[in-house]
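input02.pdb, holding PDB, C-alpha atoms, pLDDT in the B column:
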```pdb
ATOM      1  CA  MET A   1      -0.878  17.187   7.510  1.00 41.00           C
ATOM      2  CA  GLY A   2      -4.379  15.648   7.634  1.00 47.00           C
ATOM      3  CA  GLU A   3      -5.470  12.224   6.504  1.00 49.00           C
ATOM      4  CA  SER A   4      -6.849  11.654   3.046  1.00 49.00           C
ATOM      5  CA  PRO A   5     -10.539  10.867   2.631  1.00 53.00           C
ATOM      6  CA  PRO A   6     -11.306   7.205   1.829  1.00 60.00           C
ATOM      7  CA  SER A   7     -11.652   7.788  -1.935  1.00 71.00           C
ATOM      8  CA  ASP A   8      -8.202   9.427  -2.089  1.00 83.00           C
ATOM      9  CA  CYS A   9      -6.820   6.637   0.063  1.00 85.00           C
ATOM     10  CA  GLN A  10      -8.121   3.951  -2.265  1.00 86.00           C
ATOM     11  CA  GLU A  11      -6.899   5.839  -5.328  1.00 89.00           C
ATOM     12  CA  ILE A  12      -3.374   6.194  -3.926  1.00 91.00           C
ATOM     13  CA  ILE A  13      -3.202   2.544  -2.839  1.00 91.00           C
ATOM     14  CA  ARG A  14      -4.412   1.285  -6.216  1.00 90.00           C
ATOM     15  CA  SER A  15      -2.049   3.618  -8.096  1.00 94.00           C
ATOM     16  CA  ALA A  16       0.864   2.508  -5.936  1.00 95.00           C
ATOM     17  CA  LEU A  17       0.082  -1.139  -6.659  1.00 94.00           C
ATOM     18  CA  GLU A  18      -0.070  -0.437 -10.404  1.00 95.00           C
ATOM     19  CA  ASN A  19       3.202   1.513 -10.301  1.00 96.00           C
ATOM     20  CA  ALA A  20       4.998  -1.165  -8.297  1.00 96.00           C
ATOM     21  CA  ALA A  21       3.557  -4.188 -10.134  1.00 96.00           C
ATOM     22  CA  ALA A  22       6.590  -4.572 -12.417  1.00 95.00           C
ATOM     23  CA  HIS A  23       8.822  -4.908  -9.347  1.00 95.00           C
ATOM     24  CA  ILE A  24       6.592  -7.334  -7.423  1.00 96.00           C
ATOM     25  CA  SER A  25       7.253 -11.089  -7.380  1.00 95.00           C
ATOM     26  CA  ASN A  26       4.024 -12.234  -5.715  1.00 93.00           C
ATOM     27  CA  LEU A  27       1.514  -9.865  -7.287  1.00 94.00           C
ATOM     28  CA  ALA A  28      -1.529 -12.081  -6.639  1.00 94.00           C
ATOM     29  CA  ALA A  29      -0.685 -12.551  -2.947  1.00 91.00           C
ATOM     30  CA  LEU A  30       0.025  -8.856  -2.492  1.00 91.00           C
ATOM     31  CA  GLN A  31      -3.192  -7.936  -4.309  1.00 91.00           C
ATOM     32  CA  MET A  32      -5.189 -10.111  -1.885  1.00 89.00           C
ATOM     33  CA  ALA A  33      -3.548  -8.441   1.117  1.00 84.00           C
ATOM     34  CA  VAL A  34      -4.150  -4.973  -0.311  1.00 86.00           C
ATOM     35  CA  ASP A  35      -7.794  -5.763  -1.103  1.00 86.00           C
ATOM     36  CA  GLU A  36      -8.435  -6.528   2.564  1.00 81.00           C
ATOM     37  CA  PHE A  37      -7.148  -3.124   3.651  1.00 78.00           C
ATOM     38  CA  VAL A  38      -8.499  -1.036   0.773  1.00 79.00           C
ATOM     39  CA  THR A  39     -12.131  -2.015   1.359  1.00 78.00           C
ATOM     40  CA  GLU A  40     -11.898  -0.505   4.840  1.00 74.00           C
ATOM     41  CA  CYS A  41      -9.487   2.263   3.883  1.00 72.00           C
ATOM     42  CA  THR A  42      -9.969   5.219   6.172  1.00 78.00           C
ATOM     43  CA  SER A  43      -6.396   6.452   5.964  1.00 85.00           C
ATOM     44  CA  ILE A  44      -3.269   5.799   3.976  1.00 89.00           C
ATOM     45  CA  ASP A  45      -1.290   5.497   7.201  1.00 90.00           C
ATOM     46  CA  GLY A  46      -3.760   2.866   8.410  1.00 87.00           C
ATOM     47  CA  VAL A  47      -3.185   0.776   5.300  1.00 88.00           C
ATOM     48  CA  VAL A  48       0.577   1.122   5.677  1.00 91.00           C
ATOM     49  CA  ARG A  49       0.378   0.091   9.340  1.00 91.00           C
ATOM     50  CA  GLY A  50      -1.784  -2.887   8.385  1.00 88.00           C
ATOM     51  CA  LEU A  51       0.671  -4.032   5.741  1.00 90.00           C
ATOM     52  CA  GLU A  52       3.598  -3.557   8.116  1.00 93.00           C
ATOM     53  CA  SER A  53       1.850  -5.590  10.804  1.00 91.00           C
ATOM     54  CA  ARG A  54       1.558  -8.504   8.369  1.00 89.00           C
ATOM     55  CA  MET A  55       5.201  -8.445   7.324  1.00 90.00           C
ATOM     56  CA  ASP A  56       6.361 -10.713  10.158  1.00 90.00           C
ATOM     57  CA  GLU A  57       3.782 -13.345   9.183  1.00 91.00           C
ATOM     58  CA  VAL A  58       4.837 -13.812   5.546  1.00 91.00           C
ATOM     59  CA  GLU A  59       7.794 -15.271   3.715  1.00 93.00           C
ATOM     60  CA  ILE A  60      10.716 -13.055   2.753  1.00 95.00           C
ATOM     61  CA  THR A  61       9.803 -12.501  -0.899  1.00 95.00           C
ATOM     62  CA  LEU A  62       6.306 -11.289  -0.039  1.00 94.00           C
ATOM     63  CA  ARG A  63       7.780  -9.156   2.747  1.00 95.00           C
ATOM     64  CA  THR A  64      10.042  -7.492   0.158  1.00 96.00           C
ATOM     65  CA  ASP A  65       7.052  -6.970  -2.140  1.00 96.00           C
ATOM     66  CA  MET A  66       5.166  -5.341   0.724  1.00 95.00           C
ATOM     67  CA  ARG A  67       8.096  -3.024   1.427  1.00 97.00           C
ATOM     68  CA  ILE A  68       8.215  -2.013  -2.261  1.00 97.00           C
ATOM     69  CA  LEU A  69       4.489  -1.250  -2.178  1.00 96.00           C
ATOM     70  CA  ILE A  70       4.713   0.674   1.101  1.00 96.00           C
ATOM     71  CA  ASN A  71       7.534   2.804  -0.295  1.00 97.00           C
ATOM     72  CA  GLU A  72       5.458   3.584  -3.399  1.00 97.00           C
ATOM     73  CA  ILE A  73       2.397   4.424  -1.272  1.00 95.00           C
ATOM     74  CA  GLN A  74       4.457   6.827   0.820  1.00 95.00           C
ATOM     75  CA  HIS A  75       5.967   8.385  -2.306  1.00 95.00           C
ATOM     76  CA  LEU A  76       2.533   9.004  -3.842  1.00 95.00           C
ATOM     77  CA  LYS A  77       1.163  10.328  -0.551  1.00 92.00           C
ATOM     78  CA  GLU A  78       4.038  12.818  -0.225  1.00 92.00           C
ATOM     79  CA  ARG A  79       3.694  13.877  -3.857  1.00 89.00           C
ATOM     80  CA  LYS A  80      -0.058  14.428  -3.464  1.00 84.00           C
ATOM     81  CA  SER A  81       0.357  16.425  -0.249  1.00 81.00           C
ATOM     82  CA  SER A  82       2.974  18.714  -1.791  1.00 78.00           C
ATOM     83  CA  ARG A  83       0.591  19.905  -4.494  1.00 70.00           C
TER      84      ARG A  83
END
```
Step by step, read the file and then write its structure as structure tokens.
Amino acid sequence: MGESPPSDCQEIIRSALENAAAHISNLAALQMAVDEFVTECTSIDGVVRGLESRMDEVEITLRTDMRILINEIQHLKERKSSR
């Protein structure tokens, strides 16, 4: 399975954030973290790895929010690739 082009990557990340927003406690903080990765988005897996690498640096609630977002990103990626 190949990587998505940057426009698809950004679309999936943004959609995942919108879908997960109702379940996120620190939406503003998560949005700032996502914005850093989305501007340089070359692959969905790269964004996921970037978010995962930050998880040890943040407090537990934001870490949970990141996990929720990562799960939604992976769900959307799998759904898109199965079409």
Starting from the PyMOL selection byres ((chain A and resi 28-40) around 9), expand the selection into actual residues of this file and give them as a ChimeraX atom specification.
/A:6,9-10,13-14,17,24-27,41-43,46-47,50-51,54,62,65-66,69
Counting all atoms listed in the file, which residues come within 12 Å of (7.9, 4.2, 2.8), with the point read in the file's coordinates, and could you list them as a count of residues only?
21
Between atom CA of A:Ala21 and atom CA of A:Thr64, what is the spacing in Å?
12.6 Å
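Our summary of the geometry notes that atom CA of A:Arg63 is positioned 22.5 Å from atom CA of A:Glu11.
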Could you put an axis-aligned box around every listed atom of stretch 7-26 of chain A, padded by 3 Å on each side, and send me its centre and edge lengths in Å to one decimal, as JSON?
```
{"center_x": -1.4, "center_y": -1.4, "center_z": -6.2, "size_x": 26.5, "size_y": 27.7, "size_z": 18.5}
```
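Across the structure, atom CA of A:Lys80 and atom CA of A:Asp8 are spaced 9.7 Å apart.
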Write a file for chain A of the given structure; include C-alpha atoms and format it as an mmCIF file, in the first residue's frame.
```
data_model
loop_
_atom_site.group_PDB
_atom_site.id
_atom_site.type_symbol
_atom_site.label_atom_id
_atom_site.label_comp_id
_atom_site.auth_asym_id
_atom_site.auth_seq_id
_atom_site.Cartn_x
_atom_site.Cartn_y
_atom_site.Cartn_z
ATOM 1 C CA MET A 1 0.000 0.000 0.000
ATOM 2 C CA GLY A 2 1.587 3.303 -1.100
ATOM 3 C CA GLU A 3 1.625 6.600 0.722
ATOM 4 C CA SER A 4 -0.987 9.231 0.058
ATOM 5 C CA PRO A 5 0.008 12.408 -1.767
ATOM 6 C CA PRO A 6 0.292 15.503 0.466
ATOM 7 C CA SER A 7 -3.183 16.831 -0.420
ATOM 8 C CA ASP A 8 -4.802 13.513 0.569
ATOM 9 C CA CYS A 9 -2.687 13.458 3.707
ATOM 10 C CA GLN A 10 -3.839 16.905 4.763
ATOM 11 C CA GLU A 11 -7.457 16.083 3.947
ATOM 12 C CA ILE A 12 -7.398 12.904 6.049
ATOM 13 C CA ILE A 13 -5.685 14.621 8.991
ATOM 14 C CA ARG A 14 -8.133 17.529 8.963
ATOM 15 C CA SER A 15 -11.131 15.194 8.620
ATOM 16 C CA ALA A 16 -9.864 13.048 11.478
ATOM 17 C CA LEU A 17 -9.505 16.113 13.694
ATOM 18 C CA GLU A 18 -13.052 17.228 12.845
ATOM 19 C CA ASN A 19 -14.442 13.741 13.498
ATOM 20 C CA ALA A 20 -12.622 13.389 16.811
ATOM 21 C CA ALA A 21 -13.205 16.951 18.061
ATOM 22 C CA ALA A 22 -16.222 15.987 20.189
ATOM 23 C CA HIS A 23 -14.056 13.480 22.071
ATOM 24 C CA ILE A 24 -11.041 15.765 22.575
ATOM 25 C CA SER A 25 -10.429 17.613 25.853
ATOM 26 C CA ASN A 26 -7.594 19.893 24.721
ATOM 27 C CA LEU A 27 -8.717 20.758 21.204
ATOM 28 C CA ALA A 28 -6.655 23.963 20.945
ATOM 29 C CA ALA A 29 -3.433 22.250 22.064
ATOM 30 C CA LEU A 30 -4.025 19.308 19.751
ATOM 31 C CA GLN A 31 -4.836 21.647 16.858
ATOM 32 C CA MET A 32 -1.490 23.425 17.351
ATOM 33 C CA ALA A 33 0.384 20.111 17.325
ATOM 34 C CA VAL A 34 -1.463 18.935 14.222
ATOM 35 C CA ASP A 35 -0.831 22.228 12.408
ATOM 36 C CA GLU A 36 2.918 21.725 12.785
ATOM 37 C CA PHE A 37 2.780 18.323 11.103
ATOM 38 C CA VAL A 38 0.133 19.071 8.475
ATOM 39 C CA THR A 39 2.071 21.940 6.893
ATOM 40 C CA GLU A 40 4.882 19.507 6.102
ATOM 41 C CA CYS A 41 2.627 16.513 5.513
ATOM 42 C CA THR A 42 4.271 14.137 3.092
ATOM 43 C CA SER A 43 2.646 11.006 4.466
ATOM 44 C CA ILE A 44 -0.073 10.030 6.876
ATOM 45 C CA ASP A 45 2.312 7.616 8.577
ATOM 46 C CA GLY A 46 4.789 10.467 9.038
ATOM 47 C CA VAL A 47 2.176 12.562 10.816
ATOM 48 C CA VAL A 48 1.216 9.622 13.018
ATOM 49 C CA ARG A 49 4.871 8.983 13.884
ATOM 50 C CA GLY A 50 5.328 12.672 14.682
ATOM 51 C CA LEU A 51 2.329 12.714 16.991
ATOM 52 C CA GLU A 52 3.455 9.498 18.670
ATOM 53 C CA SER A 53 6.932 10.915 19.232
ATOM 54 C CA ARG A 54 5.399 13.852 21.110
ATOM 55 C CA MET A 55 3.228 11.719 23.371
ATOM 56 C CA ASP A 56 5.935 11.231 26.009
ATOM 57 C CA GLU A 57 6.438 14.999 26.273
ATOM 58 C CA VAL A 58 2.841 15.967 27.101
ATOM 59 C CA GLU A 59 0.491 15.545 30.021
ATOM 60 C CA ILE A 60 -1.820 12.544 30.182
ATOM 61 C CA THR A 61 -5.000 14.236 28.957
ATOM 62 C CA LEU A 62 -3.315 15.555 25.816
ATOM 63 C CA ARG A 63 -1.683 12.154 25.319
ATOM 64 C CA THR A 64 -5.160 10.574 25.376
ATOM 65 C CA ASP A 65 -6.404 13.188 22.904
ATOM 66 C CA MET A 66 -3.491 12.372 20.611
ATOM 67 C CA ARG A 67 -4.292 8.662 20.797
ATOM 68 C CA ILE A 68 -7.941 9.378 19.894
ATOM 69 C CA LEU A 69 -6.802 11.431 16.901
ATOM 70 C CA ILE A 70 -4.261 8.826 15.778
ATOM 71 C CA ASN A 71 -6.921 6.115 15.914
ATOM 72 C CA GLU A 72 -9.262 8.254 13.794
ATOM 73 C CA ILE A 73 -6.476 9.016 11.293
ATOM 74 C CA GLN A 74 -5.731 5.313 10.930
ATOM 75 C CA HIS A 75 -9.433 4.521 10.548
ATOM 76 C CA LEU A 76 -9.851 7.087 7.759
ATOM 77 C CA LYS A 77 -6.649 5.941 6.057
ATOM 78 C CA GLU A 78 -7.817 2.306 6.055
ATOM 79 C CA ARG A 79 -11.271 3.289 4.818
ATOM 80 C CA LYS A 80 -9.794 5.371 1.986
ATOM 81 C CA SER A 81 -7.391 2.614 0.928
ATOM 82 C CA SER A 82 -10.151 0.001 0.803
ATOM 83 C CA ARG A 83 -12.109 1.943 -1.805
#
```
